[in-house]
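Structure data follow from input.txt (compact mmCIF, C-alpha atoms):
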```txt
# COMPACT_ATOMS: atom_id res chain seq x y z
CA MET A 1 10.51 8.59 -3.42
CA SER A 2 10.30 8.92 -7.18
CA LYS A 3 13.44 8.36 -9.17
CA SER A 4 15.97 10.81 -10.47
CA ILE A 5 16.81 10.60 -14.17
CA PHE A 6 20.43 10.66 -15.33
CA TYR A 7 20.74 11.74 -18.97
CA HIS A 8 23.93 11.10 -20.85
CA ALA A 9 25.23 10.50 -24.35
CA GLY A 10 27.93 7.90 -23.91
CA CYS A 11 30.83 10.35 -23.70
CA PRO A 12 33.73 9.53 -21.35
CA VAL A 13 32.74 12.34 -18.97
CA CYS A 14 29.19 10.94 -19.00
CA ILE A 15 30.23 7.38 -18.14
CA SER A 16 32.48 8.52 -15.32
CA ALA A 17 29.71 10.69 -13.86
CA GLU A 18 27.21 7.85 -14.25
CA HIS A 19 29.34 5.62 -12.03
CA ASP A 20 29.70 8.37 -9.44
CA VAL A 21 25.97 9.15 -9.37
CA ILE A 22 25.11 5.46 -8.99
CA ASP A 23 27.63 5.11 -6.17
CA LEU A 24 26.20 8.17 -4.42
CA ILE A 25 22.45 7.70 -4.71
CA GLY A 26 22.07 4.02 -5.53
CA ARG A 27 21.23 2.29 -8.81
CA SER A 28 17.61 1.70 -7.78
CA ASN A 29 17.04 5.42 -7.27
CA VAL A 30 18.03 6.57 -10.73
CA GLU A 31 16.85 5.90 -14.26
CA ILE A 32 19.67 6.04 -16.80
CA VAL A 33 18.80 7.47 -20.22
CA HIS A 34 21.33 7.37 -23.08
CA LEU A 35 20.13 10.13 -25.42
CA GLY A 36 22.36 8.93 -28.23
CA ASN A 37 20.68 5.51 -28.22
CA ASP A 38 17.22 6.71 -27.27
CA LYS A 39 16.57 9.83 -29.29
CA SER A 40 12.85 9.71 -28.44
CA ARG A 41 13.77 10.99 -24.98
CA ILE A 42 15.59 14.12 -26.26
CA GLU A 43 12.45 16.28 -26.35
CA GLU A 44 11.65 15.42 -22.73
CA ALA A 45 15.24 16.20 -21.71
CA VAL A 46 15.16 19.60 -23.39
CA LYS A 47 11.80 20.38 -21.75
CA ALA A 48 13.29 19.46 -18.36
CA GLY A 49 15.90 22.16 -18.96
CA LEU A 50 18.99 20.20 -19.99
CA LYS A 51 21.66 22.37 -21.54
CA SER A 52 24.39 19.73 -21.57
CA VAL A 53 25.12 16.14 -20.64
CA PRO A 54 25.70 14.49 -18.30
CA ALA A 55 22.89 15.87 -16.17
CA LEU A 56 20.72 14.60 -13.36
CA VAL A 57 17.08 15.64 -13.05
CA THR A 58 15.99 15.25 -9.44
CA PRO A 59 12.57 13.97 -8.32
CA LYS A 60 11.67 17.64 -7.71
CA GLY A 61 12.51 18.49 -11.32
CA THR A 62 15.72 20.40 -10.69
CA VAL A 63 18.43 19.94 -13.31
CA LEU A 64 21.94 19.34 -12.01
CA HIS A 65 24.43 19.70 -14.83
CA ILE A 66 27.39 17.59 -13.75
CA ASN A 67 30.77 18.43 -15.22
CA PHE A 68 30.54 18.91 -18.97
CA GLY A 69 30.53 16.22 -21.61
CA ALA A 70 28.65 17.68 -24.54
CA SER A 71 26.10 20.38 -25.26
CA MET A 72 22.53 19.40 -26.12
CA GLU A 73 23.17 20.87 -29.58
CA GLU A 74 25.89 18.26 -30.05
CA VAL A 75 23.60 15.52 -28.77
CA ILE A 76 20.74 16.53 -31.07
CA GLY A 77 23.25 16.70 -33.92
CA MET B 1 31.15 4.67 3.65
CA SER B 2 33.18 7.85 4.04
CA LYS B 3 31.46 11.14 3.40
CA SER B 4 31.31 13.23 0.30
CA ILE B 5 32.27 16.89 0.65
CA PHE B 6 30.11 19.61 -0.89
CA TYR B 7 32.04 22.84 -1.43
CA HIS B 8 30.20 26.06 -2.04
CA ALA B 9 30.53 29.79 -1.58
CA GLY B 10 27.08 30.94 -0.59
CA CYS B 11 25.95 31.90 -4.09
CA PRO B 12 22.29 31.29 -5.07
CA VAL B 13 23.29 28.46 -7.44
CA CYS B 14 25.31 26.94 -4.57
CA ILE B 15 22.46 27.02 -2.06
CA SER B 16 20.02 25.50 -4.53
CA ALA B 17 22.46 22.71 -5.39
CA GLU B 18 23.18 22.13 -1.70
CA HIS B 19 19.51 21.42 -1.05
CA ASP B 20 19.35 19.06 -4.02
CA VAL B 21 22.48 17.16 -3.00
CA ILE B 22 21.23 16.77 0.58
CA ASP B 23 17.87 15.52 -0.70
CA LEU B 24 19.60 13.02 -2.98
CA ILE B 25 22.33 11.56 -0.82
CA GLY B 26 21.24 12.46 2.72
CA ARG B 27 22.56 15.10 5.12
CA SER B 28 24.54 12.54 7.12
CA ASN B 29 26.50 11.46 4.04
CA VAL B 30 27.88 14.84 3.10
CA GLU B 31 30.06 17.46 4.77
CA ILE B 32 29.16 21.00 3.73
CA VAL B 33 32.07 23.45 3.40
CA HIS B 34 31.43 27.15 2.76
CA LEU B 35 34.69 28.36 1.24
CA GLY B 36 33.70 32.01 1.69
CA ASN B 37 33.39 31.54 5.45
CA ASP B 38 36.12 28.93 5.83
CA LYS B 39 39.01 30.11 3.71
CA SER B 40 41.37 27.63 5.39
CA ARG B 41 39.70 24.91 3.31
CA ILE B 42 40.39 26.58 -0.06
CA GLU B 43 43.81 24.97 -0.50
CA GLU B 44 42.36 21.50 0.07
CA ALA B 45 39.56 22.21 -2.41
CA VAL B 46 41.98 23.33 -5.10
CA LYS B 47 44.14 20.24 -4.48
CA ALA B 48 41.05 18.05 -4.87
CA GLY B 49 40.62 19.54 -8.34
CA LEU B 50 37.84 22.10 -7.89
CA LYS B 51 37.55 24.52 -10.79
CA SER B 52 34.27 26.09 -9.71
CA VAL B 53 31.61 25.96 -7.03
CA PRO B 54 29.30 24.34 -6.20
CA ALA B 55 31.10 21.00 -6.45
CA LEU B 56 30.84 17.64 -4.77
CA VAL B 57 33.93 15.56 -4.05
CA THR B 58 32.91 11.91 -3.76
CA PRO B 59 34.38 9.44 -1.23
CA LYS B 60 36.51 8.14 -4.14
CA GLY B 61 37.93 11.61 -4.73
CA THR B 62 36.13 12.38 -7.97
CA VAL B 63 35.08 16.00 -8.41
CA LEU B 64 31.55 16.57 -9.69
CA HIS B 65 31.14 20.20 -10.70
CA ILE B 66 27.41 20.86 -10.37
CA ASN B 67 25.93 23.67 -12.45
CA PHE B 68 28.05 26.79 -12.18
CA GLY B 69 27.99 29.36 -9.42
CA ALA B 70 31.45 30.89 -9.41
CA SER B 71 34.97 30.05 -10.50
CA MET B 72 37.60 29.22 -7.89
CA GLU B 73 39.39 32.42 -8.95
CA GLU B 74 36.33 34.37 -7.83
CA VAL B 75 36.16 32.41 -4.57
CA ILE B 76 39.85 32.99 -3.81
CA GLY B 77 39.34 36.68 -4.69
```
Taking this structure as input, can you express it in the form of structure tokens?
Amino acid sequence: MSKSIFYHAGCPVCISAEHDVIDLIGRSNVEIVHLGNDKSRIEEAVKAGLKSVPALVTPKGTVLHINFGASMEEVIG
Amino acid sequence: MSKSIFYHAGCPVCISAEHDVIDLIGRSNVEIVHLGNDKSRIEEAVKAGLKSVPALVTPKGTVLHINFGASMEEVIG
């Protein structure tokens, strides 16, 4: 199975959701991307359909927006 | 590990998220509750902290609101 990708931006809501996602699907099944630290991944995240963070993109390409930490506009700055 | 509970109300966003959650964490690890069909579970869902559906309550009791299908006010009707 290919990995899911969890995008976040370091916000408290993001960190909490990151822990929950890792607990649920296992650390080895998810790549964690911090868009604040790795701005080169922002374009890919927007193309995947991210509207806000935190969000999980499944191996099938579906975007699951989980709770609400910040809009992508805030992340892009 | 105790199960997560996925609450939904039959909306298209809910059904799509249900498939994604089952793919990610496995059918045997999640109880599916349709609040439209099983209104006796609404009180428990509200107590758990649900603001909208679909949402996943983890074994630790954290509520992950996934995308947005309908508010709990709409579900309660």
Rank A:Arg27, A:Lys51, A:Lys39, A:His34 by their smallest atom-to-atom distance to A:Cys11, using only C-alpha atoms, and report the top residue only.
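Using only C-alpha atoms, the shortest distance to A:Cys11 belongs to A:His34.
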Which residue, A:Ser4, A:Ala70, A:His65, A:Val13, has the smallest gap to chain B when you use only C-alpha atoms?
A:His65
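For the residues B:Arg41, B:Ala9, B:Gly36, B:Asn29, ranking by smallest atom-to-atom distance to chain A using all atoms listed in the file places B:Asn29 first.
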What does the structure give for the distance between atom CA of A:Lys60 and atom CA of A:Ser28, in Å to one decimal?
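Computed distance, atom CA of A:Lys60 to atom CA of A:Ser28, equals 17.0 Å.
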Could you tell me how far atom CA of A:Val33 lies from atom CA of B:Asn67, in Å and to one decimal?
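So the two atoms, atom CA of A:Val33 and atom CA of B:Asn67, lie 19.3 Å apart.
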Which of these residues is nearest to chain B, using only C-alpha atoms: A:Ser2, A:Ser40, A:Thr58, A:Ser71?
A:Thr58
Mind giving me the straight-line distance from atom CA of B:Ile25 to atom CA of A:Ile25 in Å, one decimal?
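Separation between atom CA of B:Ile25 and atom CA of A:Ile25: 5.5 Å.
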Near chain B, meaning an atom within 12 Å, which residues of chain A appear when counting all atoms listed in the file? Write them as an NGL selection string.
:A and (1-5 or 13-14 or 16-26 or 29-30 or 50-69)
Box for stretch 27-43 of chain A - axis-aligned, 5 Å on each of the six sides, all listed atoms - centre and size in Å to one decimal, as lines of an AutoDock Vina configuration file.
```
center_x = 17.4
center_y = 9.0
center_z = -18.3
size_x = 19.9
size_y = 24.6
size_z = 32.0
```
For A:Leu35, please output as a ChimeraX atom specification all residues within 9 Å (counting only C-alpha atoms; exclusion window: fewer than 6 positions along the same chain).
/A:7-10,41-42,45,75-76
